[in-house]
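See structure below.
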Amino acid sequence: MEIVKLTIDNKPVVVEKGTTILEAAKTIGVNIPSLCYMKLEDMDFENKPGGCRVCVVEVEGRRNLAPACKSEVTEGMVVNTHSVRVVNARRTVMELILSDHPAECLTCAKSGKCDLQTLAQDLGIREIRYEGEQSHYKGDESPAIIREMDKCIMCRRCETACNEVQTVGVLSGINRGFESVVATAFEMDLDHSACTYCGQCVAVCPTGALTERDSTNKVLDALMDPSKTVVVQTAPAVRAALGEEFGMEPGTLVTGKMASSLRKLGFDYVFDTDFAADLTIMEEGTELLGRLNKFLKGDKDVKLPILTSCCPAWVNFFEHNFPEMKEIPSTAKSPQQMFGAIAKTYFADQLKKKREDLVVVSVMPCLAKKYEVSRDEFKVNGDPDVNISISTRELGQMIRNANIDFAALTDEDFDRPLGESTGASVIFGTTGGVIEAAVRTAYEIQTGQELEKVDFHELRGMEGIREATIDFAGLPIRIGIAHGLGNARKLLEDIKAGKSEFHAIEIMACPGGCIGGGGQPYHHGNVEILKKRQQAIYAEDAGKTLRKSHDNPYIKKLYEEFLGEPCGHKSHDLLHTYYFDKKKKIEI
Amino acid sequence: MAKYNSHILVCGGTGCRASQGEEIVENLTRAIEENGIENEVQVVRTGCFGFCEKGPVVKIIPDNTFYVHVSPDDASEIIAEHLVKGRKVNRLLFVDPETQQAVSESKDMGFYKKQLRIALRNCGFINPENIEEYIARDGYAALGKALTSMTPEEVIKEIMDSGLRGRGGGGFPTGLKWDLTRKVESDVKYVVCNADEGDPGAFMDRSILEGDPHSVLEAMAINGYCTGASNGLIYIRAEYPLAIQRLKIAIDQARESGLLGKDIFGTGFDFDVEMRYGAGAFVCGEETSLIHSMEGLRGEPTVKPPFPSEKGYKGKPTNVNNVETYANIPVILLKGSEWFSRIGSEKSKGTKVFALAGKVNNVGLIEVPMGTTLREVIFDIGGGIKDGKKFKAVQTGGPSGGCLTEKHLDIPIDYDNLLQCGSMMGSGGMIVMDEDDCMVSMAKFYLDFTVEESCGKCAPCRIGNKRLYEMLDKITKGNGTEEDLARLRNLSNVIKDTSLCGLGQTSPNPVLSTMENFPEEYLAHVKDGKCPAGQCRSLMEYVIDEDKCVGCTLCSRVCPVDAISGDKKMPHVIDVSVCIKCGACMEKCKFGAISVQ
Amino acid sequence: MANIKLPANKVQELKDVCEKFNHDKGELINVLHAAQGIFGYLPAEVQELVADQLNVSIAHVYGVVSFYSFFTMIPKGEHPISICMGTACYVRGAEKVLDEFKRLLNVKVGETTPDGMFSVSCLRCVGACGLAPVVTVGEKVYGRVSPEDVKGILAEYK
């Protein structure tokens, strides 16, 4: 390891060769302000175009100022990070950026969480001396993501997320100079593009240019309508992150407070998507074993590996990019949609209500879920199985609006029957969790033996692509895991080329899985937050008495009373779906 | 091959071709046939002569007669008189504006006297579409010498010793640049010629490529030999169809002659050249942008380091030089670094080509030794200011450069001096301005260009230049304040200090240099609401001179907004609050009674 | 955006070009030059085809097309008029010439007349500074143009 010695703000610094000035300064506690720069350690995400020029510093002997995020240290370098020249330049640049940014902070969805706003405060900008024309671009309101590009500051983080990490590629810098902005091809709406609504662009956007479509008003409308019974379900990853909305330490589990707050908000039934996750395991696990056993019996036409289908962004991804492989993923609906389907049949029957009188709201760490609820195949006579999907952030907003002191809430439990869940369902919230849950159930069904140990550490971690072989009592089951759509693409290309030897693959669109979803509290580039959420998820699992989906008593009851058997006729009708070829065709 | 007694060289540069150069060639050829002298006289279409002001230009060899402003109709007379009867066509000779004497040979013209042509040595002398003519003037001899008798290190040393610096604008020592690329180990390397000439008002690269394409190919091959690259790429503006066509012909001919391709001169050295087209983005003159553009990306620059010599095209070591730099290489190798380094000033060796344009009598392409003064260029070569007006400023370095003034006229032109004066060499645009040119408007014109051409990647250039433009616009409209001037200066300095690439790092130069050299003009705009040059329309007032006005009513009838009133045969008046300053009245007035104040 | 149908023969021609370039995405700009040569302009459908052929995203192609001023998504007039706005032409009055074209044709820069006859655009520098101000109509170059000449130039094409 080569060592470089330099001086930053009159202090000696010793760092590894290849370190940037920004990182080197951090080691001695000097925080250089930055804006466009963002690095997500271990997530293959690094955005440092050197474009905002906020992080400029003075380097002795250099004619102009150097961008600290992009300039590597050299031996004997003398850096001044806060000289008058630097501070004046930094403030002037910041004024320029603000001069082309709508001053709509009061009503901006990002207010209070906006990197630009925070930086303007930090730099003490009180006046913009360089006012002039502001740029205007076409806005876009898709079912999941709102793009207000007038607020774009060209940091290019979304482009990096969409193109490099996710390889979705619907965004690009367009035009030139003052007119330049990040947009879709021909500035078309996201609905017409191959966008998966994974929301990673929203997760990294420093301003209010990219936000979720806010549905909190719709939820309030439903809650105020006396003719409606409003049912809420919460996804596994929400409980591991919601606390951050209220200033709690990342990784704080707030399951009980969440249930309590939802009740306070006026939901008639507070249920858990985890219940549906257990149900998903029953269906998907059975489907996996079905395909596997056919394969073992020599059926060469059977489609293997089976791919998980819980993640709606991932579903969108293969429909757009790999439609020729749409027979491979499991046909099981996602937990959100299974929940909706059961709530509006089984549970509605129990209440003796018509499905139209029920409003199902989901709280999701995800923005693609907003799109998923709008899919026509998830509607019955125009009535969607899940009516409204809101993000973790939106729930946080609703709780704040209702003047609920979240931290002071006493823990409460979910309602029954759709609120009971096992540890297997909780881990759906992190990469590797769905497949681990599936293994716990599939193992016992396939082998007829009880698992001695339910923790499969070989399936856990944060690496983008992981693989493991699980011994099913002599039968080696090869499992692949990918999170981040770029990693998913690699596995899919292998399958397409016939090089894949996996039996089952779990794919999650977002880095880290749902804990890193596009609807989660903003991480502002701090990957440690994601890791803490992951730990919280596993802790919740470990603390549960029941840790295998097929042990969930209410799931058993559901099959006995209503569904019959997993992958049976009724299950097929209610809990399974089909996929579309959405690849753009060129007319000639 | 026929042995001709005489050659008629017809300038085939874009400028002269635009003025019916093709018809002239056709008519000359027809006249030669009609006179039955096709075995004695040959018409050659050459590259640019440089003296664009007087185009189309035709030169007769061997007596070096230089005909100017030739039209296709003159062809038969030139043949019948000059070539058949040996009598010069006096009416087509250049007339010295001072002596009013006809001058027959170019060497006696002020325009050419002080020039020294190294990069342009073949332009206007050879048919660029014939490799043999290039070879006849020692073409490819330098490549042969390098490949057969010199090591790459020796060639690089020769270039270093010559003191040649990059002619594209930066002025980086060429030999050093080559050496950097040579020292990086890599299986594949690239040699790139930057022919994306984008300075508005500079066209030397185009002229070299049109007039002497082989010199560039030869130099690229030498560069390849030195750096260890066997792939050459020419990044050329798509707006230069003639240069592209001539380069294509040259590449084909060089390949046929074994001067490009495999095993050149039997030395085992392989080198070939491909073309890449620019698509209209000034920023692609910046080498990292250029490389991205060649890779099929948006031409956005990236922060250096890494430099292209380490990580360039397709991530491989890449040496980028500009056309004019390349054009110097073969001569340096043949005549030696000592010869070259004797020309020029202490830190800037050799010559520099300038595109002299604007309010100067002799517009054209010139090449002078480094160290020549601006006065020599503008007054001796350029023949002074047009229409007897007064010299006011000269803009060098294009949009990245600055406006120099009277006090700079005697400073020897070289990289360092220009930089010190707040301008720069740039690629060699030189625009002369007279008393009618408003310096604030001039700065605004350049900023308009920069705003248009900024790639948008970094905030200071994307937004800052726009704000500079807006402030200048405000000032030219009479709405500026003294506070604006302070802001203008601070913003200019910050843009220079913080922009990502050379475009933004230099774009405020026109503002800063005009503010420095013409402070009173800025003050006049913001304090007195006056434009001393009379160019800023918003600050002008049209006035009718009572004594001269005869009351013909023509002006009031032509005024589109009925701002002029007055009875017939009585002096008229303009209501300035209504007047939109279109100038129609002044144009119509037959008595010179309307003036601008 | 109204969908247009691309003529099959031109599509084939473009596919052949991509084939010639080995479907190499690094050749995008060369391919776009060729495509603009074939179709006269680069409508969305052509960009989609190029994206498909070179295996890059449509957004990427559009990002490139919208970056470079040479590429256009609007069909040019039968007689494209370009006014040089290089410095030499500017100081010799190119702006007035441009204004006259705009006035007589009643179009803005970058627009095409409703009858499709003329389009007006600005060029940076054609490198014919000796002839400043310079105007090109199609391939033809007009030098030393004054606002008074504009009417006559247009008349040549009517």
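Starting from 1 in every chain, residues are counted up; chains themselves are A, B, ... following the order of the structure tokens, and ligands are numbered from 1 as listed.
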
Which residues, written as an mmCIF file with C-alpha atoms, in the first residue's frame, have at least one atom at most 8 Å from A:His82, with only C-alpha atoms counted and residues fewer than 3 positions away on the same chain left out?
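Saved file part-v2.cif follows:
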```cif
data_model
loop_
_atom_site.group_PDB
_atom_site.id
_atom_site.type_symbol
_atom_site.label_atom_id
_atom_site.label_comp_id
_atom_site.auth_asym_id
_atom_site.auth_seq_id
_atom_site.Cartn_x
_atom_site.Cartn_y
_atom_site.Cartn_z
ATOM 1 C CA ASP A 9 -5.646 23.278 6.467
ATOM 2 C CA VAL A 57 -10.530 23.773 -2.610
ATOM 3 C CA ARG A 85 -10.959 32.604 -2.138
ATOM 4 C CA VAL A 86 -12.539 29.201 -1.646
ATOM 5 C CA VAL A 87 -15.412 30.430 0.483
#
```

**Q.** Test item: residues at most 10 Å from C:Leu131, only C-alpha atoms, excluding those fewer than 3 positions along its chain, as a list in words
**A.**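 Listed by chain and then number, they are Gly15, Cys16, Ala18, Ser19, Cys52, Glu53, Lys54, Gly55, Ala357, Val363 and Gly364 of chain B; Ala88, Cys89, Arg92, Gly127, Ala128, Val134, Val135, Val141, Tyr142, Gly143, Arg144 and Val145 of chain C.
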
Q: May I have the residues of chain B within 9 Å of chain C, counting only C-alpha atoms, written as a ChimeraX atom specification?
A: /B:13-19,51-55,198-204,206-207,238-240,276-281,293-299,314,355-359,362-365,398,431-433,437,442,445-446,449,455

**Q.** Residue hits in chain B, query chain A, radius 10 Å, only C-alpha atoms, as a PyMOL selection string
**A.** chain B and resi 281+298-306+450-471+484+487-488+490-491+493-500+505

Q. Quick one: residues within 12 Å of B:Gly171, only C-alpha atoms counted, chain neighbours fewer than 2 positions away excluded, as a PyMOL selection string?
A. chain B and resi 163-169+173-177+321-322+324-325+347-349+352+397+414-416+418-419+424-428

Q.
Using only C-alpha atoms, can you tell me which of C:Glu78, C:Glu95, C:Glu111, C:Glu100 comes closest to C:Tyr157?
A.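 The answer is C:Glu78, which sits nearest to C:Tyr157.
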
Rows by chain and residue number, chain C within 12 Å of chain A, shortest pair, only C-alpha atoms, as a Markdown table:
```
| residue | atom | partner | partner_atom | distance |
| --- | --- | --- | --- | --- |
| C:Met1 | CA | A:Met188 | CA | 8.7 |
| C:Asn3 | CA | A:Glu587 | CA | 8.7 |
| C:Ile4 | CA | A:Glu587 | CA | 8.2 |
| C:Lys5 | CA | A:Ile588 | CA | 5.5 |
| C:Leu6 | CA | A:Ile588 | CA | 5.2 |
| C:Pro7 | CA | A:Ile588 | CA | 6.5 |
| C:Ala8 | CA | A:Ile588 | CA | 6.0 |
| C:Asn9 | CA | A:Ile588 | CA | 9.6 |
| C:Lys10 | CA | A:Ile588 | CA | 9.8 |
| C:Val11 | CA | A:Ile588 | CA | 7.6 |
| C:Gln12 | CA | A:Ile588 | CA | 10.0 |
| C:Leu42 | CA | A:Phe186 | CA | 11.5 |
| C:Pro43 | CA | A:Phe186 | CA | 9.8 |
| C:Ala44 | CA | A:Phe186 | CA | 7.2 |
| C:Glu45 | CA | A:Ile586 | CA | 7.2 |
| C:Val46 | CA | A:Ile586 | CA | 9.1 |
| C:Gln47 | CA | A:Ala185 | CA | 9.3 |
| C:Glu48 | CA | A:Ile586 | CA | 7.2 |
| C:Leu49 | CA | A:Ile586 | CA | 6.8 |
| C:Val50 | CA | A:Ile586 | CA | 10.5 |
| C:Ala51 | CA | A:Ile586 | CA | 10.7 |
| C:Asp52 | CA | A:Ile586 | CA | 8.9 |
| C:Gln53 | CA | A:Ile586 | CA | 11.1 |
| C:Asn55 | CA | A:Gly169 | CA | 11.2 |
| C:Val56 | CA | A:Gly169 | CA | 8.4 |
| C:Ser57 | CA | A:Gly169 | CA | 5.7 |
| C:Ile58 | CA | A:Ala185 | CA | 5.8 |
| C:Ala59 | CA | A:Ala185 | CA | 4.0 |
| C:His60 | CA | A:Ser172 | CA | 5.7 |
| C:Val61 | CA | A:Ala185 | CA | 7.7 |
| C:Tyr62 | CA | A:Ala185 | CA | 5.4 |
| C:Gly63 | CA | A:Ile174 | CA | 4.3 |
| C:Val64 | CA | A:Ile174 | CA | 7.3 |
| C:Val65 | CA | A:Asn175 | CA | 8.2 |
| C:Ser66 | CA | A:Asn175 | CA | 4.6 |
| C:Phe67 | CA | A:Asn175 | CA | 4.8 |
| C:Tyr68 | CA | A:Arg176 | CA | 8.0 |
| C:Ser69 | CA | A:Arg176 | CA | 9.1 |
| C:Phe71 | CA | A:Asn175 | CA | 11.3 |
| C:Thr72 | CA | A:Asn175 | CA | 11.8 |
| C:Met73 | CA | A:Phe186 | CA | 9.9 |
```

Selection above as a file: N, CA and C atoms, as a tab-separated table (two decimals), in the first residue's frame:
```tsv
chain	number	residue	atom	x	y	z
C	1	MET	N	-46.37	12.61	-29.11
C	1	MET	CA	-45.63	12.59	-30.39
C	1	MET	C	-46.35	11.69	-31.41
C	3	ASN	N	-46.77	9.23	-34.17
C	3	ASN	CA	-45.88	8.21	-34.72
C	3	ASN	C	-45.80	8.30	-36.23
C	4	ILE	N	-44.61	8.20	-36.73
C	4	ILE	CA	-44.50	8.16	-38.18
C	4	ILE	C	-43.98	6.79	-38.58
C	5	LYS	N	-44.33	6.40	-39.78
C	5	LYS	CA	-43.84	5.11	-40.27
C	5	LYS	C	-42.62	5.36	-41.13
C	6	LEU	N	-41.57	4.64	-40.83
C	6	LEU	CA	-40.35	4.82	-41.60
C	6	LEU	C	-40.41	3.94	-42.85
C	7	PRO	N	-39.99	4.48	-43.99
C	7	PRO	CA	-40.00	3.66	-45.20
C	7	PRO	C	-39.03	2.48	-45.08
C	8	ALA	N	-39.49	1.34	-45.48
C	8	ALA	CA	-38.72	0.10	-45.28
C	8	ALA	C	-37.34	0.15	-45.94
C	9	ASN	N	-37.27	0.76	-47.13
C	9	ASN	CA	-35.96	0.75	-47.81
C	9	ASN	C	-34.94	1.59	-47.06
C	10	LYS	N	-35.41	2.71	-46.48
C	10	LYS	CA	-34.48	3.55	-45.72
C	10	LYS	C	-34.08	2.88	-44.41
C	11	VAL	N	-35.02	2.18	-43.82
C	11	VAL	CA	-34.70	1.44	-42.59
C	11	VAL	C	-33.61	0.42	-42.89
C	12	GLN	N	-33.78	-0.26	-44.02
C	12	GLN	CA	-32.78	-1.27	-44.39
C	12	GLN	C	-31.43	-0.61	-44.60
C	42	LEU	N	-33.62	13.50	-37.79
C	42	LEU	CA	-33.60	12.37	-36.86
C	42	LEU	C	-34.86	12.33	-36.00
C	43	PRO	N	-35.97	11.91	-36.58
C	43	PRO	CA	-37.18	11.81	-35.76
C	43	PRO	C	-37.02	10.72	-34.70
C	44	ALA	N	-37.90	10.74	-33.71
C	44	ALA	CA	-37.81	9.79	-32.59
C	44	ALA	C	-37.69	8.36	-33.08
C	45	GLU	N	-38.46	8.04	-34.11
C	45	GLU	CA	-38.47	6.65	-34.59
C	45	GLU	C	-37.10	6.22	-35.10
C	46	VAL	N	-36.40	7.14	-35.74
C	46	VAL	CA	-35.07	6.81	-36.24
C	46	VAL	C	-34.12	6.60	-35.06
C	47	GLN	N	-34.26	7.44	-34.05
C	47	GLN	CA	-33.39	7.30	-32.88
C	47	GLN	C	-33.66	5.98	-32.16
C	48	GLU	N	-34.93	5.58	-32.14
C	48	GLU	CA	-35.26	4.29	-31.52
C	48	GLU	C	-34.63	3.14	-32.29
C	49	LEU	N	-34.66	3.27	-33.59
C	49	LEU	CA	-34.06	2.23	-34.43
C	49	LEU	C	-32.55	2.16	-34.19
C	50	VAL	N	-31.92	3.32	-34.13
C	50	VAL	CA	-30.48	3.36	-33.90
C	50	VAL	C	-30.15	2.74	-32.53
C	51	ALA	N	-30.95	3.09	-31.52
C	51	ALA	CA	-30.73	2.56	-30.18
C	51	ALA	C	-30.82	1.04	-30.21
C	52	ASP	N	-31.81	0.54	-30.90
C	52	ASP	CA	-32.01	-0.90	-30.99
C	52	ASP	C	-30.83	-1.57	-31.71
C	53	GLN	N	-30.39	-0.96	-32.78
C	53	GLN	CA	-29.31	-1.55	-33.58
C	53	GLN	C	-27.97	-1.55	-32.85
C	55	ASN	N	-27.69	-1.37	-29.54
C	55	ASN	CA	-27.88	-1.89	-28.20
C	55	ASN	C	-27.53	-0.87	-27.12
C	56	VAL	N	-28.04	0.34	-27.30
C	56	VAL	CA	-27.92	1.37	-26.27
C	56	VAL	C	-29.32	1.86	-25.94
C	57	SER	N	-29.46	2.58	-24.84
C	57	SER	CA	-30.80	3.04	-24.49
C	57	SER	C	-31.21	4.20	-25.39
C	58	ILE	N	-32.52	4.33	-25.55
C	58	ILE	CA	-33.04	5.43	-26.38
C	58	ILE	C	-32.67	6.76	-25.74
C	59	ALA	N	-32.71	6.78	-24.41
C	59	ALA	CA	-32.36	8.02	-23.71
C	59	ALA	C	-30.93	8.43	-24.05
C	60	HIS	N	-30.05	7.45	-24.16
C	60	HIS	CA	-28.66	7.75	-24.49
C	60	HIS	C	-28.57	8.37	-25.88
C	61	VAL	N	-29.28	7.78	-26.83
C	61	VAL	CA	-29.25	8.30	-28.21
C	61	VAL	C	-29.79	9.73	-28.22
C	62	TYR	N	-30.90	9.93	-27.54
C	62	TYR	CA	-31.49	11.26	-27.51
C	62	TYR	C	-30.56	12.25	-26.80
C	63	GLY	N	-29.91	11.77	-25.76
C	63	GLY	CA	-28.96	12.62	-25.05
C	63	GLY	C	-27.87	13.11	-25.99
C	64	VAL	N	-27.42	12.24	-26.87
C	64	VAL	CA	-26.38	12.60	-27.82
C	64	VAL	C	-26.95	13.52	-28.91
C	65	VAL	N	-28.10	13.14	-29.46
C	65	VAL	CA	-28.71	13.94	-30.54
C	65	VAL	C	-28.96	15.36	-30.07
C	66	SER	N	-29.47	15.49	-28.84
C	66	SER	CA	-29.82	16.83	-28.36
C	66	SER	C	-28.60	17.62	-27.91
C	67	PHE	N	-27.46	16.97	-27.82
C	67	PHE	CA	-26.24	17.66	-27.41
C	67	PHE	C	-25.59	18.38	-28.59
C	68	TYR	N	-25.58	17.71	-29.73
C	68	TYR	CA	-24.84	18.24	-30.87
C	68	TYR	C	-25.74	19.06	-31.79
C	69	SER	N	-25.28	20.26	-32.10
C	69	SER	CA	-26.13	21.16	-32.87
C	69	SER	C	-26.31	20.70	-34.31
C	71	PHE	N	-27.15	17.80	-35.32
C	71	PHE	CA	-28.29	16.88	-35.45
C	71	PHE	C	-29.60	17.62	-35.23
C	72	THR	N	-30.58	17.27	-36.01
C	72	THR	CA	-31.87	17.95	-35.89
C	72	THR	C	-33.01	16.94	-35.90
C	73	MET	N	-34.02	17.27	-35.11
C	73	MET	CA	-35.21	16.42	-35.07
C	73	MET	C	-36.33	17.04	-35.89
```
